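Here is upload-v5.cif, consisting of mmCIF, C-alpha atoms:
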data_model
loop_
_atom_site.group_PDB
_atom_site.id
_atom_site.type_symbol
_atom_site.label_atom_id
_atom_site.label_comp_id
_atom_site.auth_asym_id
_atom_site.auth_seq_id
_atom_site.Cartn_x
_atom_site.Cartn_y
_atom_site.Cartn_z
ATOM 1 C CA MET A 7 0.000 0.000 0.000
ATOM 2 C CA LYS A 8 2.987 2.292 0.438
ATOM 3 C CA GLU A 9 3.057 3.043 -3.307
ATOM 4 C CA LEU A 10 -0.321 4.774 -3.214
ATOM 5 C CA ALA A 11 0.256 6.338 0.182
ATOM 6 C CA GLN A 12 3.298 8.160 -1.170
ATOM 7 C CA LEU A 13 1.595 9.627 -4.222
ATOM 8 C CA LYS A 14 1.964 13.365 -4.637
ATOM 9 C CA GLY A 15 0.585 15.874 -7.090
ATOM 10 C CA LYS A 16 -2.385 15.599 -9.428
ATOM 11 C CA GLY A 17 -3.729 12.202 -10.370
ATOM 12 C CA LEU A 18 -5.818 10.834 -13.230
ATOM 13 C CA LEU A 19 -7.842 7.654 -12.806
ATOM 14 C CA ILE A 20 -8.602 5.593 -15.927
ATOM 15 C CA HIS A 21 -11.106 2.813 -15.325
ATOM 16 C CA HIS A 22 -13.249 0.299 -17.134
ATOM 17 C CA TRP A 23 -16.858 1.275 -17.830
ATOM 18 C CA ASP A 24 -18.576 -1.652 -16.105
ATOM 19 C CA THR A 25 -19.529 -2.175 -12.463
ATOM 20 C CA ASP A 26 -16.142 -3.653 -11.587
ATOM 21 C CA GLY A 27 -14.311 -0.694 -13.081
ATOM 22 C CA ILE A 28 -16.663 1.856 -11.525
ATOM 23 C CA CYS A 29 -16.507 0.246 -8.080
ATOM 24 C CA SER A 30 -12.714 -0.056 -8.302
ATOM 25 C CA ALA A 31 -12.612 3.654 -9.125
ATOM 26 C CA LYS A 32 -14.871 4.485 -6.189
ATOM 27 C CA ILE A 33 -12.642 2.584 -3.767
ATOM 28 C CA ILE A 34 -9.499 4.294 -5.101
ATOM 29 C CA ILE A 35 -11.005 7.803 -5.040
ATOM 30 C CA GLU A 36 -12.280 7.204 -1.522
ATOM 31 C CA LYS A 37 -8.704 6.452 -0.463
ATOM 32 C CA LEU A 38 -6.881 9.183 -2.378
ATOM 33 C CA LYS A 39 -9.602 11.841 -2.214
ATOM 34 C CA GLU A 40 -8.551 15.167 -3.765
ATOM 35 C CA LYS A 41 -5.346 13.673 -5.181
ATOM 36 C CA ILE A 42 -7.538 12.287 -7.973
ATOM 37 C CA VAL A 43 -8.459 15.397 -9.929
ATOM 38 C CA ALA A 44 -10.009 13.631 -12.929
ATOM 39 C CA ASN A 45 -11.340 10.237 -13.955
ATOM 40 C CA LYS A 46 -12.109 8.872 -17.392
ATOM 41 C CA THR A 47 -12.970 5.739 -19.265
ATOM 42 C CA PRO A 48 -11.907 5.049 -22.857
ATOM 43 C CA THR A 49 -14.401 5.408 -25.674
ATOM 44 C CA LEU A 50 -17.059 2.889 -24.730
ATOM 45 C CA GLY A 51 -16.347 -0.392 -26.441
ATOM 46 C CA ASN A 52 -12.633 0.349 -26.939
ATOM 47 C CA TYR A 53 -10.073 -1.581 -24.910
ATOM 48 C CA TYR A 54 -7.426 1.013 -25.700
ATOM 49 C CA LEU A 55 -6.834 4.766 -25.652
ATOM 50 C CA THR A 56 -6.924 6.674 -28.921
ATOM 51 C CA HIS A 57 -4.225 9.184 -29.844
ATOM 52 C CA GLU A 58 -6.577 11.991 -28.841
ATOM 53 C CA GLU A 59 -7.340 10.336 -25.499
ATOM 54 C CA LEU A 60 -3.631 9.844 -24.807
ATOM 55 C CA ASN A 61 -3.115 13.570 -25.332
ATOM 56 C CA GLN A 62 -5.908 14.259 -22.846
ATOM 57 C CA CYS A 63 -3.970 12.231 -20.269
ATOM 58 C CA LYS A 64 -1.077 14.695 -20.186
ATOM 59 C CA GLY A 65 -0.497 17.150 -17.348
ATOM 60 C CA PHE A 66 -0.876 14.689 -14.464
ATOM 61 C CA ASP A 67 1.774 13.625 -11.968
ATOM 62 C CA PHE A 68 0.428 10.089 -11.699
ATOM 63 C CA ILE A 69 -2.091 7.932 -13.527
ATOM 64 C CA ILE A 70 -3.929 4.934 -12.072
ATOM 65 C CA VAL A 71 -5.456 2.363 -14.421
ATOM 66 C CA ALA A 72 -8.132 0.152 -12.852
ATOM 67 C CA ASP A 73 -9.778 -2.945 -14.334
ATOM 68 C CA MET A 74 -8.358 -2.396 -17.806
ATOM 69 C CA SER A 75 -5.696 -4.320 -19.677
ATOM 70 C CA LEU A 76 -4.659 -1.413 -21.877
ATOM 71 C CA PRO A 77 -2.142 -2.190 -24.628
ATOM 72 C CA GLU A 78 1.476 -1.994 -23.533
ATOM 73 C CA GLU A 79 2.134 0.830 -25.986
ATOM 74 C CA ASN A 80 -0.643 2.861 -24.333
ATOM 75 C CA ILE A 81 0.873 2.307 -20.897
ATOM 76 C CA LEU A 82 4.380 3.197 -22.012
ATOM 77 C CA THR A 83 3.102 6.386 -23.636
ATOM 78 C CA LEU A 84 1.312 7.351 -20.428
ATOM 79 C CA SER A 85 4.465 6.633 -18.412
ATOM 80 C CA GLU A 86 6.507 9.129 -20.440
ATOM 81 C CA ASN A 87 4.932 12.018 -18.524
ATOM 82 C CA ALA A 88 3.558 10.467 -15.323
ATOM 83 C CA ASN A 89 4.024 7.640 -12.853
ATOM 84 C CA VAL A 90 1.639 4.836 -13.803
ATOM 85 C CA TYR A 91 -0.045 2.339 -11.460
ATOM 86 C CA ILE A 92 -2.152 -0.553 -12.745
ATOM 87 C CA PHE A 93 -4.660 -2.595 -10.728
ATOM 88 C CA ASP A 94 -6.148 -5.350 -12.838
ATOM 89 C CA HIS A 95 -7.167 -9.018 -13.066
ATOM 90 C CA HIS A 96 -7.256 -9.643 -16.816
ATOM 91 C CA LEU A 97 -4.873 -11.844 -18.732
ATOM 92 C CA GLY A 98 -1.914 -10.153 -20.344
ATOM 93 C CA LYS A 99 1.726 -9.367 -19.980
ATOM 94 C CA GLU A 100 3.289 -7.798 -16.931
ATOM 95 C CA ILE A 101 4.577 -4.332 -17.785
ATOM 96 C CA SER A 102 7.739 -4.020 -15.733
ATOM 97 C CA GLN A 103 8.319 -0.322 -16.458
ATOM 98 C CA VAL A 104 5.367 0.684 -14.229
ATOM 99 C CA PHE A 105 3.743 -0.450 -10.974
ATOM 100 C CA HIS A 106 1.617 -3.362 -12.156
ATOM 101 C CA HIS A 107 -0.473 -5.093 -9.502
ATOM 102 C CA ASN A 108 -2.180 -8.057 -11.147
ATOM 103 C CA PRO A 109 -1.919 -11.331 -9.216
ATOM 104 C CA ILE A 110 -3.396 -13.300 -12.143
ATOM 105 C CA ILE A 111 -0.547 -12.610 -14.568
ATOM 106 C CA LYS A 112 1.907 -13.442 -11.792
ATOM 107 C CA GLY A 113 0.528 -16.961 -11.558
ATOM 108 C CA GLU A 114 -1.901 -16.637 -8.657
ATOM 109 C CA ASN A 115 -5.180 -18.552 -8.576
ATOM 110 C CA PRO A 116 -7.841 -16.490 -10.431
ATOM 111 C CA ASP A 117 -10.522 -17.823 -8.085
ATOM 112 C CA GLU A 118 -8.897 -15.905 -5.243
ATOM 113 C CA TYR A 119 -8.965 -12.648 -7.225
ATOM 114 C CA PRO A 120 -12.403 -12.594 -8.880
ATOM 115 C CA SER A 121 -12.501 -8.874 -9.698
ATOM 116 C CA ALA A 122 -10.397 -5.741 -9.838
ATOM 117 C CA SER A 123 -12.538 -4.244 -7.079
ATOM 118 C CA TRP A 124 -11.594 -7.163 -4.824
ATOM 119 C CA ILE A 125 -7.902 -6.770 -5.680
ATOM 120 C CA VAL A 126 -7.939 -3.010 -5.037
ATOM 121 C CA ASN A 127 -9.873 -3.440 -1.811
ATOM 122 C CA GLU A 128 -7.445 -6.063 -0.501
ATOM 123 C CA TYR A 129 -4.435 -4.003 -1.559
ATOM 124 C CA LEU A 130 -5.767 -1.039 0.421
ATOM 125 C CA GLN A 131 -6.448 -3.357 3.362
ATOM 126 C CA ASN A 132 -10.097 -2.349 3.527
ATOM 127 C CA PRO A 133 -12.724 -4.539 5.152
ATOM 128 C CA ILE A 134 -15.111 -6.365 2.845
ATOM 129 C CA ASN A 135 -17.683 -3.869 1.615
ATOM 130 C CA LEU A 136 -20.534 -3.460 -0.833
ATOM 131 C CA HIS A 137 -18.464 -2.027 -3.671
ATOM 132 C CA ALA A 138 -15.738 -4.663 -3.512
ATOM 133 C CA ILE A 139 -18.491 -7.276 -3.759
ATOM 134 C CA LEU A 140 -20.430 -5.562 -6.555
ATOM 135 C CA GLY A 141 -17.365 -5.758 -8.798
ATOM 136 C CA ILE A 142 -17.331 -9.522 -8.314
ATOM 137 C CA ILE A 143 -21.043 -9.888 -9.024
ATOM 138 C CA GLY A 144 -20.668 -7.731 -12.112
ATOM 139 C CA ASP A 145 -18.030 -10.032 -13.579
ATOM 140 C CA HIS A 146 -19.473 -13.398 -12.515
ATOM 141 C CA GLU A 147 -23.162 -13.063 -11.591
ATOM 142 C CA HIS A 148 -24.568 -16.434 -10.415
ATOM 143 C CA LYS A 149 -21.379 -18.265 -11.432
ATOM 144 C CA ILE A 150 -19.618 -16.879 -8.356
ATOM 145 C CA LYS A 151 -21.651 -19.377 -6.319
ATOM 146 C CA ASN A 152 -19.307 -22.051 -7.702
ATOM 147 C CA ASN A 153 -16.401 -20.272 -5.977
ATOM 148 C CA GLU A 154 -17.215 -21.437 -2.473
ATOM 149 C CA PRO A 155 -14.655 -19.409 -0.434
ATOM 150 C CA ILE A 156 -15.595 -16.121 -2.118
ATOM 151 C CA TYR A 157 -19.309 -16.855 -2.180
ATOM 152 C CA ASN A 158 -19.271 -17.622 1.533
ATOM 153 C CA LYS A 159 -17.824 -14.173 2.176
ATOM 154 C CA ILE A 160 -20.465 -12.574 -0.030
ATOM 155 C CA ASN A 161 -23.217 -14.527 1.699
ATOM 156 C CA THR A 162 -21.961 -13.518 5.147
ATOM 157 C CA PHE A 163 -21.888 -9.861 4.080
ATOM 158 C CA CYS A 164 -25.440 -10.098 2.737
ATOM 159 C CA LYS A 165 -26.780 -11.597 5.953
ATOM 160 C CA LYS A 166 -25.137 -8.887 8.039
ATOM 161 C CA ASN A 167 -26.544 -6.148 5.823
ATOM 162 C CA ASN A 168 -29.999 -7.547 5.114
ATOM 163 C CA LEU A 169 -29.288 -8.031 1.418
ATOM 164 C CA THR A 170 -30.067 -10.816 -1.020
ATOM 165 C CA PHE A 171 -28.024 -12.037 -3.951
ATOM 166 C CA GLU A 172 -30.786 -10.756 -6.228
ATOM 167 C CA ASN A 173 -30.344 -7.287 -4.712
ATOM 168 C CA LEU A 174 -26.675 -7.404 -5.693
ATOM 169 C CA LEU A 175 -27.510 -8.480 -9.240
ATOM 170 C CA GLU A 176 -30.027 -5.673 -9.637
ATOM 171 C CA MET A 177 -27.491 -3.108 -8.426
ATOM 172 C CA VAL A 178 -24.996 -4.361 -11.001
ATOM 173 C CA TYR A 179 -27.548 -4.171 -13.810
ATOM 174 C CA LEU A 180 -28.429 -0.622 -12.798
ATOM 175 C CA ILE A 181 -24.814 0.567 -12.696
ATOM 176 C CA ASP A 182 -23.998 -1.206 -15.962
ATOM 177 C CA SER A 183 -26.982 0.390 -17.701
ATOM 178 C CA ASN A 184 -24.976 3.579 -18.261
ATOM 179 C CA TYR A 185 -22.306 2.016 -20.459
ATOM 180 C CA LYS A 186 -24.710 -0.309 -22.203
ATOM 181 C CA LEU A 187 -26.652 2.703 -23.454
ATOM 182 C CA GLY A 188 -23.445 4.465 -24.459
ATOM 183 C CA ASP A 189 -23.568 7.227 -21.830
ATOM 184 C CA LYS A 190 -19.862 7.857 -21.210
ATOM 185 C CA LYS A 191 -20.467 10.914 -19.035
ATOM 186 C CA ALA A 192 -22.769 8.948 -16.756
ATOM 187 C CA VAL A 193 -20.136 6.217 -16.459
ATOM 188 C CA GLU A 194 -17.531 8.763 -15.389
ATOM 189 C CA LYS A 195 -19.907 10.348 -12.873
ATOM 190 C CA ALA A 196 -20.881 6.984 -11.367
ATOM 191 C CA PRO A 197 -17.875 6.537 -8.998
ATOM 192 C CA TYR A 198 -18.667 9.900 -7.434
ATOM 193 C CA TYR A 199 -22.340 9.042 -7.164
ATOM 194 C CA LEU A 200 -21.344 5.928 -5.216
ATOM 195 C CA LEU A 201 -19.083 8.029 -3.005
ATOM 196 C CA ASP A 202 -21.869 10.476 -2.180
ATOM 197 C CA HIS A 203 -24.679 7.918 -1.974
ATOM 198 C CA THR A 204 -23.358 5.138 0.194
ATOM 199 C CA THR A 205 -26.263 2.748 0.726
ATOM 200 C CA HIS A 206 -27.587 -0.032 -1.461
ATOM 201 C CA GLN A 207 -30.943 1.756 -1.586
ATOM 202 C CA ASP A 208 -29.239 4.739 -3.228
ATOM 203 C CA ILE A 209 -28.351 2.443 -6.104
ATOM 204 C CA LEU A 210 -31.615 0.518 -6.234
ATOM 205 C CA GLN A 211 -33.700 3.711 -6.242
ATOM 206 C CA ASN A 212 -31.704 5.726 -8.792
ATOM 207 C CA ALA A 213 -34.505 6.812 -11.135
ATOM 208 C CA SER A 214 -32.294 7.436 -14.171
ATOM 209 C CA TRP A 215 -30.594 4.071 -13.898
ATOM 210 C CA LYS A 216 -33.937 2.329 -13.434
ATOM 211 C CA GLU A 217 -35.242 3.890 -16.658
ATOM 212 C CA ASN A 218 -32.054 2.829 -18.462
ATOM 213 C CA LEU A 219 -32.484 -0.728 -17.258
ATOM 214 C CA HIS A 220 -36.106 -0.861 -18.378
ATOM 215 C CA ARG A 221 -35.074 0.120 -21.924
ATOM 216 C CA LEU A 222 -32.177 -2.327 -21.983
ATOM 217 C CA THR A 223 -34.171 -5.248 -20.656
ATOM 218 C CA LYS A 224 -36.636 -4.929 -23.532
ATOM 219 C CA GLU A 225 -33.838 -4.924 -26.126
ATOM 220 C CA ILE A 226 -31.881 -7.776 -24.526
ATOM 221 C CA ASP A 227 -34.986 -9.945 -24.222
ATOM 222 C CA SER A 228 -35.827 -9.251 -27.862
ATOM 223 C CA ILE A 229 -32.349 -10.289 -29.058
ATOM 224 C CA LEU A 230 -32.336 -13.399 -26.890
ATOM 225 C CA ALA A 231 -35.675 -14.413 -28.383
ATOM 226 C CA GLU A 232 -34.142 -14.484 -31.863
ATOM 227 C CA SER A 233 -32.790 -17.651 -33.386
ATOM 228 C CA ILE A 234 -29.264 -18.883 -32.775
ATOM 229 C CA GLU A 235 -26.964 -21.004 -34.884
ATOM 230 C CA LYS A 236 -24.751 -23.902 -33.876
ATOM 231 C CA ASN A 237 -21.360 -24.957 -35.127
ATOM 232 C CA GLY A 238 -20.885 -28.346 -33.553
ATOM 233 C CA ASP A 239 -21.121 -27.733 -29.823
ATOM 234 C CA ILE A 240 -20.595 -23.983 -30.156
ATOM 235 C CA ILE A 241 -23.428 -21.449 -29.908
ATOM 236 C CA MET A 242 -23.174 -18.756 -32.608
ATOM 237 C CA LYS A 243 -25.039 -15.466 -32.590
ATOM 238 C CA SER A 244 -24.882 -12.428 -34.883
ATOM 239 C CA MET A 245 -26.641 -9.193 -34.011
ATOM 240 C CA LYS A 246 -26.718 -5.534 -34.983
ATOM 241 C CA THR A 247 -27.214 -3.053 -32.173
ATOM 242 C CA THR A 248 -25.845 0.315 -31.093
ATOM 243 C CA SER A 249 -26.153 -0.725 -27.441
ATOM 244 C CA ASN A 250 -23.027 -2.085 -25.784
ATOM 245 C CA ILE A 251 -24.632 -5.331 -24.677
ATOM 246 C CA ILE A 252 -22.508 -7.953 -26.408
ATOM 247 C CA SER A 253 -20.997 -9.257 -23.168
ATOM 248 C CA THR A 254 -24.465 -9.562 -21.618
ATOM 249 C CA ILE A 255 -25.870 -11.445 -24.606
ATOM 250 C CA THR A 256 -22.854 -13.785 -24.733
ATOM 251 C CA ARG A 257 -23.001 -14.498 -21.023
ATOM 252 C CA LYS A 258 -26.725 -15.228 -21.027
ATOM 253 C CA LEU A 259 -26.482 -17.561 -24.017
ATOM 254 C CA ALA A 260 -23.448 -19.417 -22.688
ATOM 255 C CA TRP A 261 -25.039 -19.974 -19.320
ATOM 256 C CA LYS A 262 -28.472 -20.822 -20.702
ATOM 257 C CA TYR A 263 -27.134 -23.559 -22.979
ATOM 258 C CA ASP A 264 -24.026 -24.376 -20.910
ATOM 259 C CA GLN A 265 -21.964 -24.279 -24.095
ATOM 260 C CA ASN A 266 -19.124 -22.257 -25.561
ATOM 261 C CA THR A 267 -20.599 -19.170 -27.209
ATOM 262 C CA ILE A 268 -19.410 -16.735 -29.899
ATOM 263 C CA VAL A 269 -21.288 -13.482 -30.523
ATOM 264 C CA ILE A 270 -20.607 -10.870 -33.208
ATOM 265 C CA ASN A 271 -22.129 -7.389 -33.180
ATOM 266 C CA THR A 272 -21.918 -5.551 -36.487
ATOM 267 C CA GLY A 273 -23.808 -2.452 -35.377
ATOM 268 C CA TYR A 274 -21.666 -0.776 -32.713
ATOM 269 C CA PHE A 275 -18.797 0.538 -34.862
ATOM 270 C CA ASN A 276 -18.838 1.770 -38.454
ATOM 271 C CA ASP A 277 -15.727 -0.037 -39.696
ATOM 272 C CA ASP A 278 -15.182 -2.678 -37.023
ATOM 273 C CA ASN A 279 -17.102 -5.488 -35.390
ATOM 274 C CA GLN A 280 -17.393 -6.383 -31.740
ATOM 275 C CA LEU A 281 -16.535 -10.012 -30.999
ATOM 276 C CA TYR A 282 -17.138 -11.732 -27.694
ATOM 277 C CA VAL A 283 -16.425 -15.329 -26.739
ATOM 278 C CA ARG A 284 -17.297 -17.040 -23.481
ATOM 279 C CA THR A 285 -16.301 -20.623 -22.779
ATOM 280 C CA ILE A 286 -17.552 -23.041 -20.175
ATOM 281 C CA ASP A 287 -14.189 -24.446 -19.137
ATOM 282 C CA GLN A 288 -11.676 -23.710 -21.909
ATOM 283 C CA ASP A 289 -8.719 -21.334 -21.753
ATOM 284 C CA MET A 290 -8.927 -18.456 -24.228
ATOM 285 C CA LYS A 291 -5.457 -17.113 -23.495
ATOM 286 C CA PRO A 292 -3.871 -18.602 -26.670
ATOM 287 C CA MET A 293 -6.521 -16.954 -28.858
ATOM 288 C CA ILE A 294 -6.200 -13.645 -27.012
ATOM 289 C CA GLN A 295 -2.469 -13.724 -27.711
ATOM 290 C CA LYS A 296 -3.107 -14.632 -31.342
ATOM 291 C CA GLY A 297 -5.582 -11.772 -31.725
ATOM 292 C CA LYS A 298 -3.076 -9.320 -30.340
ATOM 293 C CA ALA A 299 -0.408 -10.696 -32.687
ATOM 294 C CA TYR A 300 -2.756 -9.959 -35.598
ATOM 295 C CA GLY A 301 -3.010 -6.383 -34.399
ATOM 296 C CA PHE A 302 -6.585 -6.624 -33.120
ATOM 297 C CA LYS A 303 -7.682 -4.837 -29.949
ATOM 298 C CA CYS A 304 -8.099 -7.988 -27.929
ATOM 299 C CA GLY A 305 -8.214 -8.966 -24.258
ATOM 300 C CA GLY A 306 -10.048 -10.981 -21.669
ATOM 301 C CA LYS A 307 -9.753 -13.561 -18.948
ATOM 302 C CA LYS A 308 -9.330 -17.336 -18.898
ATOM 303 C CA GLU A 309 -12.879 -18.030 -20.040
ATOM 304 C CA VAL A 310 -13.518 -14.803 -21.978
ATOM 305 C CA LEU A 311 -12.213 -13.145 -25.135
ATOM 306 C CA GLY A 312 -13.345 -9.702 -26.193
ATOM 307 C CA ALA A 313 -12.107 -8.067 -29.379
ATOM 308 C CA ILE A 314 -12.629 -5.229 -31.805
ATOM 309 C CA LEU A 315 -11.572 -6.199 -35.283
ATOM 310 C CA PRO A 316 -12.038 -5.034 -38.885
ATOM 311 C CA LYS A 317 -15.214 -6.263 -40.526
ATOM 312 C CA GLN A 318 -13.280 -7.871 -43.390
ATOM 313 C CA LYS A 319 -11.162 -9.932 -40.978
ATOM 314 C CA THR A 320 -13.917 -11.071 -38.638
ATOM 315 C CA LYS A 321 -14.926 -14.271 -40.436
ATOM 316 C CA GLU A 322 -11.387 -15.587 -40.662
ATOM 317 C CA PHE A 323 -10.611 -14.975 -36.978
ATOM 318 C CA VAL A 324 -13.923 -16.491 -35.880
ATOM 319 C CA GLU A 325 -13.113 -19.602 -37.900
ATOM 320 C CA GLU A 326 -9.784 -19.868 -36.075
ATOM 321 C CA ILE A 327 -11.585 -19.597 -32.742
ATOM 322 C CA ILE A 328 -14.047 -22.316 -33.761
ATOM 323 C CA THR A 329 -11.180 -24.583 -34.756
ATOM 324 C CA TYR A 330 -9.404 -23.917 -31.464
ATOM 325 C CA LEU A 331 -12.502 -24.581 -29.353
ATOM 326 C CA SER A 332 -13.358 -27.727 -31.334
ATOM 327 C CA LYS A 333 -9.902 -29.226 -30.800
ATOM 328 C CA ASN A 334 -9.697 -28.571 -27.070
#
Translate the structure of the given file into C-alpha cells.
Amino acid sequence: MKELAQLKGKGLLIHHWDTDGICSAKIIIEKLKEKIVANKTPTLGNYYLTHEELNQCKGFDFIIVADMSLPEENILTLSENANVYIFDHHLGKEISQVFHHNPIIKGENPDEYPSASWIVNEYLQNPINLHAILGIIGDHEHKIKNNEPIYNKINTFCKKNNLTFENLLEMVYLIDSNYKLGDKKAVEKAPYYLLDHTTHQDILQNASWKENLHRLTKEIDSILAESIEKNGDIIMKSMKTTSNIISTITRKLAWKYDQNTIVINTGYFNDDNQLYVRTIDQDMKPMIQKGKAYGFKCGGKKEVLGAILPKQKTKEFVEEIITYLSKN
C-alpha cells in the first residue's frame, strides 16, 4: 500500500466502464480523495486509448489504471509524462516499467482474485464492503456461487446487511446500464455518485438508472428471443445493435445452454465489429495472444475473449476460434 500512500501531485484515474471498473474507481477515489483530480474511461467499447485520449492524459503527476488491460504501448506512452499504477485481473503481460499489480498474470489462482474491485480493496487493506463485492457480481453473476470461499464471504456480508443475492444483481444491472446505453459521461460520474450515496438503496432507487435498465431489458430480451446457430457444440449469434450489450448477450447464451458461445455485433462501430467469446471451461489465453499478434484490440480472462476487429477480418478470426474450441 505504500506506493499509493506516497503519491503526490495531481492524479488521473482511468477505469473500465462496467460495475467492476466503476466500483474499483470508487474505492481508489475514496482512499486518495482530492489527489484524484479527474477520472475517465476510454471510448465505450474500446479496450485502448486513442491518440486523442492519450493527449488528454497529459499534465498529471500520476495515472492509475483500474480494471483495464490497456495495450502496452498505451501504458508506455502514459508513463513518459507520469508515474503509472495498474490494478487489474485480466490476462496479459506484466509491464515491468510501471507499478503493475495483477496477481493473475503473476501466476496466482484467479478464483482468489475474482474482480479488480476485490484486488484493489485487498491491496488497500479495507474490510469487505458493498463495492468490492459488486465488482465480483458484475463479472461473474450467479457463477460466483461455484467459488465457495468467495461466495461464503459474499453470503456472510449479505446476511449482516440484510441483502439478497438478487439485490446485488439488480445493483450491477443498474450501474452497468450507463455504459450499455453508451452514456460515457454517466459512467464517469458513477464513482462519485457511489461516493456520495453510500447505501444499497441509493443504487436501487436511482430513477435514471432504473429507466435505463427498463429500456435495456426490452432490447436484450428481444435479441435473446431471436434464433441462434450452432457450429458443432458452439453457440453462434450475430446481431446488430448500437447498445453495448454484447458481453451480456454472450453471457446469457453461454449460461443458458451451458456451451461455448461466440457473438458478433456488427452495429456498434462503423468499420469494425465487436466479438465476444465465453467458454464453459476452456482457456482463451492462446486466442487472445493470437488476436493481439494480428493487431486486433483484444483482451479478456481465462474463459472470456473480447475483441474489436475489422469487418473484413472477422470471419477468418472467428473460424480460427471455432477450430481452437473444437480441438480442445
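Considering all atoms listed in the file, the residue among A:Gln103, A:Asn276, A:Thr204, A:Thr170 positioned nearest to Glu36 in chain A is A:Thr204.
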task: Give the answer as one residue: which of A:Asn127, A:Asn271, A:Asn279, A:Thr162 has the shortest atom-to-atom distance to Thr320 in chain A, using all atoms listed in the file?
output: A:Asn279
Selection dump of the PyMOL selection byres ((chain A and resi 92) around 8), as a ChimeraX atom specification: /A:70-72,90-91,93-94,104-108
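For Glu235 in chain A, the residues within 12 Å (counting all atoms listed in the file, excluding itself and residues fewer than 4 positions away along the chain) are Asp239, Ile240, Ile241, Met242, Lys243, Ser244, Met245, Leu259, Thr267, Ile268 and Val269 of chain A.
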Limited to C-alpha atoms, could you put the picked residues into a file as a PDB file, keeping the file's coordinate frame?
ATOM      1  CA  ASP A 239     -21.121 -27.733 -29.823  1.00  0.00           C
ATOM      2  CA  ILE A 240     -20.595 -23.983 -30.156  1.00  0.00           C
ATOM      3  CA  ILE A 241     -23.428 -21.449 -29.908  1.00  0.00           C
ATOM      4  CA  MET A 242     -23.174 -18.756 -32.608  1.00  0.00           C
ATOM      5  CA  LYS A 243     -25.039 -15.466 -32.590  1.00  0.00           C
ATOM      6  CA  SER A 244     -24.882 -12.428 -34.883  1.00  0.00           C
ATOM      7  CA  MET A 245     -26.641  -9.193 -34.011  1.00  0.00           C
ATOM      8  CA  LEU A 259     -26.482 -17.561 -24.017  1.00  0.00           C
ATOM      9  CA  THR A 267     -20.599 -19.170 -27.209  1.00  0.00           C
ATOM     10  CA  ILE A 268     -19.410 -16.735 -29.899  1.00  0.00           C
ATOM     11  CA  VAL A 269     -21.288 -13.482 -30.523  1.00  0.00           C
TER      12      VAL A 269
END
message: One number please: CA of Asn80 in chain A to CA of Thr56 in chain A, in Å, one decimal.
response: 8.7 Å
- prompt: Do you know which residues are at most 12 Å from Met293 in chain A counting all atoms listed in the file, after dropping those on the same chain fewer than 5 positions away, and could you put them as a list in words?
  reply: Leu97, Gly98, Tyr282, Val283, Gln288, Lys298, Ala299, Tyr300, Phe302, Cys304, Gly305, Gly306, Lys307, Lys308, Glu309, Val310, Leu311, Gly312, Ala313, Phe323, Val324, Glu325, Glu326, Ile327, Ile328, Thr329, Tyr330 and Leu331 of chain A
Quick one: what's the axis-aligned box for range 216-231 of chain A, all listed atoms, 3 Å on every side, centre and edges in Å to one decimal, as lines of an AutoDock Vina configuration file?
center_x = -34.3
center_y = -5.3
center_z = -21.2
size_x = 10.8
size_y = 24.3
size_z = 21.6
